[in-house]
Every structure is written in structure tokens, then in C-alpha cells.
Amino acid sequence: MSAESPFAVPDDDPFGVHNLPYGVFRTAAQPRPRIGVRFGDRVLDAGAAAWAVGAPAEVVELLAAPLLNPLLAAGRPAWTRVRAALTEWMTAEEHRAAVGPLLVPLAEVALELPFEVADYVDFYASEHHAANVGRIFRPGAEPLTPNWKHLPIGYHGRAGTVVVSGSPVVRPCGQRKAAGEAAPSYGPSLRLDVEAELGFVVGGASERGSRVAMAAADDHVFGVCLLNDWSARDVQAWEYVPLGPFLGKSFATSVSPWVVPLDALSHARTAPPARDTPLLPYLDDSDVRPPCGLDIAMELRLNGHTLSRPPFAAMYWTYAQMLAHLTVNGASLRPGDLFASGTVSGPEPDGVGALIELTRGGERPVELPDGTRRAFLADGDEVVIAATAPGPAGVRIGLGEVAGRIEPARP
Ligand code: MN
């Protein structure tokens, strides 16, 4: 096998055969959006490959779609069959002639939002983030609200403004009222922030009136993406009592282009942190095996400079608890639902996932290598969130990146 062979991807490549994340791409030559699977620095035209190798009709049909929703709808047994097929195409000598020409260099593709987002929910699952923000938003009060350790707090966000990595983010305008000001004013947010999060992509429907128990979570979580919950802190602080986040967050939520299958993260599973408050039975995961904590190492960068390294393993609530809580009232799931973890912040000061924590509410700006300082984001700033997770035999699984650049507010 020559070094130029598209199959010459080492097993320890972050996008090697142990990962095989799904996305949607187009090329200049073939502008029709279609499902791609990343392999090394190339993207497999998955539908064309399924056809070329004579895969079963089910696999051809699911991979020939212009987005991931039919695959999400097909459910866990189909996800297993499709992943097994992809693994075989990438590894078996007999498929090389058919599959090789369908591996497109990453540099030649444009990546799109990989699925149509049905409903979007954002949780608040980091104890460290909730406590840090509680101290800033409610000084003098208990950092955690009385409900925090009894249920994973969340809110419904805006599915229609979930955008793929690389989409520009226009600075939002809104009402804001700083402490000491007599009345609110309207204008561009002066405290634009990021939230480094993990997004969970839901597949397989559930019936309205039914619940998804923690033990069934893996039947409904297809995979994960990286997510940036852009947040206008001044708008948020003025509007959020008593009903929670609204316009301070709904202007844009960015996701990474690659959805890493939950199956690729089996070596990242870890026990969640010890909890000091007894949980109601539907959230008590002491007997759930394997555990649903995830040891994912995240990195938050501003203009190429690493600001922090949030550890997902420190999250108090797991995805299984979030999904069980999301459906405990009988709310149904739809393929394409997206729920996010909330800002990932660990116990250390250099492990927090938002500027508001890093700069203590804007009071201690961070200095960048170019000598400029930031309390919050400036126009032109580019934010990147990247992550890796343990795979088999010391391999690191790449989750890729979610990037976004701030454009000035529009008059
Ligand atoms: Mn958030």
C-alpha cells in the first residue's frame, strides 16, 4: 500500500477506523448535499460507497439521504449495522477498488449542518459552572438553587438558529440594564460570551405519554457533537427572571460538523462524580452499567490562543439522566432532537468553559498573546472548541472542532 493510498490511515489517527463520524458535505463538482463519513483527512461519500459495494438496500437507502435524519430515525439496531458496514469498507481489501475513489480530500469539501434539528434543549449539568455563575448573578445568595442537585435543570432553546461550525455569528442587539442604571437601553450586546458544551443527537422516536428510562438512553442517543451556546450576558441577566434564558441565547448556537457515534466513545465511559444528595429512582444511576459519564477532554480557544481545558468527566449529571428527566413528564422524542450538556466547567480555574467564569464576571480580563485584553468577545474574534476522547489501546478519538467568528452588530 503506497503512502498516497486513502486507506493508509494509522489506527491511532484521531479520525481512524475507531471513530468514523458522520457529517453532510458537498463539493464544487457535486453541489448536492450528501452524507459523508470522515476517515483520516478524507471524507467518504457514504451513499455512493454503499451503492458501489452492493450493500443491503437498507444501508444504501439510509446513507443516500441528503442529511442524517433518516438514519437517526432508523434506531439503534440499524446504527449498529451501518457502522459495521462502514468499518468493513474501510478495512477489507476486497472493497478498496470500489471505495477508494469515493474518499474525497477534506480540503475539497464544504461541510453542512448534518441533521435537521427537531427540538433543542440546553441543560446546566456542571456543578462548577452553576456555582460560579450563581455567585456572579446572585451575589450573597447560595450559589446553587435548592433544586439543582435533585434534577438536571434545562430550558428549551431555538432549533432554527442552530448553525454549523464556520457560520458567522452577528453580535446580537437587545435590552440590557447594568446594575446602577435606572432604565434599560437597547443596543448591541456588550457582554457577548461563549459556552463550551457537548451536544447529544437523538434518534429513534418515543411516544408522547411514555418515558425513556436511563437504561434505554443508548437506544436514543445516536452520537455527540461539540456545541457553542453563544450567550449575551447583559441581555440574559436582565431577561432571565422568572422564566429563564430567551433572547440572550436564541440568536445562534454553533455545532461541530461531525457527529461522533456513541459507539465510538465506549472507551470514554466513566463513573460520574460522587453525588452527596439522594436521587429519586428515575434519576438514581448507581446501578446503571456501563456508567454514562464521559471522559472527554475539551479545549476552548480564542484567536488561536488556548483559554481553558474543560474536563467533561467532571459533569454532575449524565446524558442518561438528562434524557430520563427530559421525558419524565411524557414529552415525546423526535429523530433530530438535540440536547446539550450546559457549559462544561471543571473544578480548576483553567478548566472553565465560559468567559464569564474565566474573567470573574468581566472584572479580570484575560490577556491574549497579541497584548490585547478581553473581558468578553470583540468583533472579529474567532472562538474554537475542540475535543478528544480515549479510544481503544491508547488511541485518541477526535471530535473535531466547532468554530465561529463574531461579526459586528447590524444597524
Ligand atoms: Mn448553555
# chains A, B, ... in the order shown; residues from 1 in each chain; ligands from 1
>>> residues_near_ligand(ligand="ligand 1", cutoff="12 Å", atoms="only C-alpha atoms and all ligand atoms", output="ChimeraX atom specification")
/A:120-126,129-130,133,153-158,193-199,227-233,236,244-246,248-250,252-254,339-345,353-354
>>> closest_atom_pairs(of="range 271-308 of chain A", to="range 327-331 of chain A", cutoff="12 Å", atoms="only C-alpha atoms", output="CSV")
residue,atom,partner,partner_atom,distance
A:Leu280,CA,A:Val328,CA,11.7
A:Pro281,CA,A:Val328,CA,11.5
A:Tyr282,CA,A:Val328,CA,8.1
A:Leu283,CA,A:Val328,CA,9.9
>>> write_last_selection(atoms="all heavy atoms", output="CSV table (one decimal), in the first residue's frame")
chain,number,residue,atom,x,y,z
A,280,LEU,N,-34.1,10.7,43.3
A,280,LEU,CA,-35.4,10.0,43.0
A,280,LEU,C,-35.0,8.8,42.1
A,280,LEU,O,-34.1,8.9,41.3
A,280,LEU,CB,-36.4,10.9,42.4
A,280,LEU,CG,-37.0,11.9,43.4
A,280,LEU,CD1,-37.8,13.0,42.7
A,280,LEU,CD2,-37.8,11.2,44.5
A,281,PRO,N,-35.8,7.7,42.2
A,281,PRO,CA,-35.5,6.5,41.5
A,281,PRO,C,-35.2,6.7,40.0
A,281,PRO,O,-34.3,6.1,39.4
A,281,PRO,CB,-36.7,5.6,41.7
A,281,PRO,CG,-37.2,6.0,43.1
A,281,PRO,CD,-37.0,7.5,43.1
A,282,TYR,N,-36.0,7.6,39.3
A,282,TYR,CA,-35.8,7.7,37.9
A,282,TYR,C,-34.5,8.4,37.5
A,282,TYR,O,-34.1,8.3,36.3
A,282,TYR,CB,-37.0,8.4,37.2
A,282,TYR,CG,-37.0,9.9,37.3
A,282,TYR,CD1,-36.5,10.7,36.3
A,282,TYR,CD2,-37.6,10.5,38.5
A,282,TYR,CE1,-36.6,12.1,36.4
A,282,TYR,CE2,-37.6,11.9,38.6
A,282,TYR,CZ,-37.1,12.7,37.5
A,282,TYR,OH,-37.1,14.1,37.6
A,283,LEU,N,-33.8,9.0,38.5
A,283,LEU,CA,-32.5,9.6,38.2
A,283,LEU,C,-31.4,8.9,38.9
A,283,LEU,O,-30.2,9.3,38.8
A,283,LEU,CB,-32.6,11.1,38.6
A,283,LEU,CG,-33.4,12.0,37.8
A,283,LEU,CD1,-33.5,13.4,38.4
A,283,LEU,CD2,-32.9,12.1,36.4
>>> select_by_dssp(residues="range 101-186 of chain A", states="strand (DSSP E)", output="PDB file with N, CA and C atoms, in the first residue's frame")
ATOM      1  N   LEU A 103     -13.362   8.432  -1.605  1.00  0.00           N
ATOM      2  CA  LEU A 103     -12.791   9.136  -0.438  1.00  0.00           C
ATOM      3  C   LEU A 103     -12.257  10.487  -0.927  1.00  0.00           C
ATOM      4  N   VAL A 104     -12.968  11.561  -0.607  1.00  0.00           N
ATOM      5  CA  VAL A 104     -12.694  12.903  -1.124  1.00  0.00           C
ATOM      6  C   VAL A 104     -11.800  13.638  -0.129  1.00  0.00           C
ATOM      7  N   PRO A 105     -10.727  14.301  -0.591  1.00  0.00           N
ATOM      8  CA  PRO A 105      -9.900  15.072   0.351  1.00  0.00           C
ATOM      9  C   PRO A 105     -10.739  16.111   1.093  1.00  0.00           C
ATOM     10  N   VAL A 109     -14.073  19.698   0.359  1.00  0.00           N
ATOM     11  CA  VAL A 109     -15.490  19.615   0.713  1.00  0.00           C
ATOM     12  C   VAL A 109     -15.923  20.825   1.539  1.00  0.00           C
ATOM     13  N   ALA A 110     -17.201  21.159   1.409  1.00  0.00           N
ATOM     14  CA  ALA A 110     -17.842  22.121   2.319  1.00  0.00           C
ATOM     15  C   ALA A 110     -18.764  21.313   3.213  1.00  0.00           C
ATOM     16  N   LEU A 111     -18.657  21.539   4.517  1.00  0.00           N
ATOM     17  CA  LEU A 111     -19.445  20.758   5.475  1.00  0.00           C
ATOM     18  C   LEU A 111     -20.691  21.545   5.884  1.00  0.00           C
ATOM     19  N   GLU A 112     -21.798  20.847   5.971  1.00  0.00           N
ATOM     20  CA  GLU A 112     -23.084  21.478   6.252  1.00  0.00           C
ATOM     21  C   GLU A 112     -23.598  21.022   7.618  1.00  0.00           C
ATOM     22  N   TYR A 120     -34.577  21.598  20.430  1.00  0.00           N
ATOM     23  CA  TYR A 120     -33.270  21.819  21.048  1.00  0.00           C
ATOM     24  C   TYR A 120     -33.460  22.196  22.518  1.00  0.00           C
ATOM     25  N   VAL A 121     -32.780  21.462  23.382  1.00  0.00           N
ATOM     26  CA  VAL A 121     -32.824  21.709  24.830  1.00  0.00           C
ATOM     27  C   VAL A 121     -31.393  21.907  25.313  1.00  0.00           C
ATOM     28  N   ASP A 122     -31.201  22.855  26.205  1.00  0.00           N
ATOM     29  CA  ASP A 122     -29.883  23.045  26.809  1.00  0.00           C
ATOM     30  C   ASP A 122     -29.982  22.822  28.314  1.00  0.00           C
ATOM     31  N   PHE A 123     -29.099  21.970  28.828  1.00  0.00           N
ATOM     32  CA  PHE A 123     -29.077  21.696  30.267  1.00  0.00           C
ATOM     33  C   PHE A 123     -28.043  22.582  30.958  1.00  0.00           C
ATOM     34  N   GLY A 154     -32.831  22.550  32.874  1.00  0.00           N
ATOM     35  CA  GLY A 154     -32.666  22.845  31.448  1.00  0.00           C
ATOM     36  C   GLY A 154     -33.701  23.842  30.978  1.00  0.00           C
ATOM     37  N   TYR A 155     -33.571  24.253  29.731  1.00  0.00           N
ATOM     38  CA  TYR A 155     -34.581  25.124  29.106  1.00  0.00           C
ATOM     39  C   TYR A 155     -34.669  24.735  27.630  1.00  0.00           C
ATOM     40  N   HIS A 156     -35.812  25.042  27.010  1.00  0.00           N
ATOM     41  CA  HIS A 156     -35.946  24.794  25.580  1.00  0.00           C
ATOM     42  C   HIS A 156     -35.352  25.962  24.809  1.00  0.00           C
ATOM     43  N   VAL A 162     -29.749  26.894  15.260  1.00  0.00           N
ATOM     44  CA  VAL A 162     -28.571  26.029  15.387  1.00  0.00           C
ATOM     45  C   VAL A 162     -27.859  26.034  14.033  1.00  0.00           C
ATOM     46  N   VAL A 163     -26.567  26.390  14.029  1.00  0.00           N
ATOM     47  CA  VAL A 163     -25.814  26.537  12.779  1.00  0.00           C
ATOM     48  C   VAL A 163     -24.549  25.688  12.840  1.00  0.00           C
ATOM     49  N   VAL A 164     -24.035  25.361  11.655  1.00  0.00           N
ATOM     50  CA  VAL A 164     -22.835  24.524  11.610  1.00  0.00           C
ATOM     51  C   VAL A 164     -21.585  25.381  11.843  1.00  0.00           C
ATOM     52  N   VAL A 169     -21.246  34.669  13.348  1.00  0.00           N
ATOM     53  CA  VAL A 169     -22.207  34.992  14.408  1.00  0.00           C
ATOM     54  C   VAL A 169     -22.287  36.511  14.512  1.00  0.00           C
ATOM     55  N   VAL A 170     -23.445  37.061  14.159  1.00  0.00           N
ATOM     56  CA  VAL A 170     -23.648  38.507  14.214  1.00  0.00           C
ATOM     57  C   VAL A 170     -23.927  38.899  15.665  1.00  0.00           C
ATOM     58  N   CYS A 173     -28.363  42.343  19.219  1.00  0.00           N
ATOM     59  CA  CYS A 173     -28.819  43.544  19.909  1.00  0.00           C
ATOM     60  C   CYS A 173     -29.951  43.153  20.848  1.00  0.00           C
ATOM     61  N   GLY A 174     -30.167  43.922  21.858  1.00  0.00           N
ATOM     62  CA  GLY A 174     -31.272  43.636  22.760  1.00  0.00           C
ATOM     63  C   GLY A 174     -31.328  44.633  23.887  1.00  0.00           C
ATOM     64  N   GLN A 175     -32.223  44.352  24.820  1.00  0.00           N
ATOM     65  CA  GLN A 175     -32.343  45.177  26.024  1.00  0.00           C
ATOM     66  C   GLN A 175     -31.314  44.736  27.048  1.00  0.00           C
ATOM     67  N   ARG A 176     -30.656  45.697  27.625  1.00  0.00           N
ATOM     68  CA  ARG A 176     -29.754  45.380  28.744  1.00  0.00           C
ATOM     69  C   ARG A 176     -29.818  46.517  29.739  1.00  0.00           C
ATOM     70  N   SER A 185     -31.669  49.969  28.288  1.00  0.00           N
ATOM     71  CA  SER A 185     -31.407  50.591  26.986  1.00  0.00           C
ATOM     72  C   SER A 185     -31.362  49.478  25.946  1.00  0.00           C
ATOM     73  N   TYR A 186     -31.421  49.902  24.668  1.00  0.00           N
ATOM     74  CA  TYR A 186     -31.371  48.933  23.576  1.00  0.00           C
ATOM     75  C   TYR A 186     -30.091  49.144  22.782  1.00  0.00           C
TER      76      TYR A 186
END
>>> residues_around(residues="Asp370 in chain A", least_positions_apart="5", cutoff="12 Å", atoms="only C-alpha atoms", output="VMD selection string")
chain A and resid 302 to 305
>>> select_by_dssp(residues="range 66-248 of chain A", states="alpha helix (DSSP H)", output="ChimeraX atom specification")
/A:69-74,76-91,96-99,127-137,233-239
>>> write_last_selection(atoms="C-alpha atoms", output="mmCIF file, in the first residue's frame")
data_model
loop_
_atom_site.group_PDB
_atom_site.id
_atom_site.type_symbol
_atom_site.label_atom_id
_atom_site.label_comp_id
_atom_site.auth_asym_id
_atom_site.auth_seq_id
_atom_site.Cartn_x
_atom_site.Cartn_y
_atom_site.Cartn_z
ATOM 1 C CA ASN A 69 -32.400 12.313 9.899
ATOM 2 C CA PRO A 70 -33.480 9.035 8.194
ATOM 3 C CA LEU A 71 -30.516 7.286 9.802
ATOM 4 C CA LEU A 72 -31.404 8.869 13.167
ATOM 5 C CA ALA A 73 -34.986 7.647 12.767
ATOM 6 C CA ALA A 74 -33.895 4.088 11.968
ATOM 7 C CA ARG A 76 -30.051 1.553 17.387
ATOM 8 C CA PRO A 77 -30.042 -1.853 15.569
ATOM 9 C CA ALA A 78 -29.757 -0.067 12.196
ATOM 10 C CA TRP A 79 -26.990 2.222 13.565
ATOM 11 C CA THR A 80 -25.028 -0.900 14.529
ATOM 12 C CA ARG A 81 -25.480 -2.471 11.069
ATOM 13 C CA VAL A 82 -24.464 0.701 9.227
ATOM 14 C CA ARG A 83 -21.370 1.212 11.394
ATOM 15 C CA ALA A 84 -20.326 -2.409 10.894
ATOM 16 C CA ALA A 85 -20.678 -1.947 7.130
ATOM 17 C CA LEU A 86 -18.600 1.258 7.135
ATOM 18 C CA THR A 87 -15.895 -0.411 9.213
ATOM 19 C CA GLU A 88 -15.718 -3.256 6.705
ATOM 20 C CA TRP A 89 -15.494 -0.902 3.704
ATOM 21 C CA MET A 90 -12.591 0.975 5.328
ATOM 22 C CA THR A 91 -10.653 -2.162 6.264
ATOM 23 C CA ARG A 96 -10.610 -0.901 -1.950
ATOM 24 C CA ALA A 97 -11.082 -0.559 -5.687
ATOM 25 C CA ALA A 98 -14.732 0.442 -5.278
ATOM 26 C CA VAL A 99 -14.383 2.639 -2.185
ATOM 27 C CA GLU A 127 -21.936 21.864 39.296
ATOM 28 C CA HIS A 128 -18.831 24.053 38.977
ATOM 29 C CA HIS A 129 -20.373 26.201 36.220
ATOM 30 C CA ALA A 130 -23.701 26.542 38.033
ATOM 31 C CA ALA A 131 -21.950 27.558 41.257
ATOM 32 C CA ASN A 132 -19.577 30.003 39.526
ATOM 33 C CA VAL A 133 -22.416 31.692 37.626
ATOM 34 C CA GLY A 134 -24.674 31.647 40.707
ATOM 35 C CA ARG A 135 -22.069 33.644 42.634
ATOM 36 C CA ILE A 136 -21.863 36.208 39.802
ATOM 37 C CA PHE A 137 -25.622 36.533 39.039
ATOM 38 C CA ARG A 233 -24.738 38.021 29.257
ATOM 39 C CA ASP A 234 -26.161 41.543 29.574
ATOM 40 C CA VAL A 235 -29.357 40.573 27.729
ATOM 41 C CA GLN A 236 -29.538 37.320 29.701
ATOM 42 C CA ALA A 237 -29.080 38.959 33.110
ATOM 43 C CA TRP A 238 -31.945 41.423 32.514
ATOM 44 C CA GLU A 239 -34.442 38.976 30.978
#
>>> atom_distance(atom1="CA of Val395 in chain A", atom2="CA of Ala264 in chain A")
11.2 Å
>>> atom_distance(atom1="CA of Gly160 in chain A", atom2="CA of Asn19 in chain A")
28.4 Å
>>> residues_around(residues="Arg275 in chain A", least_positions_apart="2", cutoff="10 Å", atoms="only C-alpha atoms", output="ChimeraX atom specification")
/A:149,272-273,277-279,316-317
>>> residues_around(residues="Glu367 in chain A", least_positions_apart="5", cutoff="12 Å", atoms="only C-alpha atoms", output="JSON, numbers by chain")
{"A": [302, 303, 305, 306, 307, 358, 359, 372, 373, 374, 375, 376]}
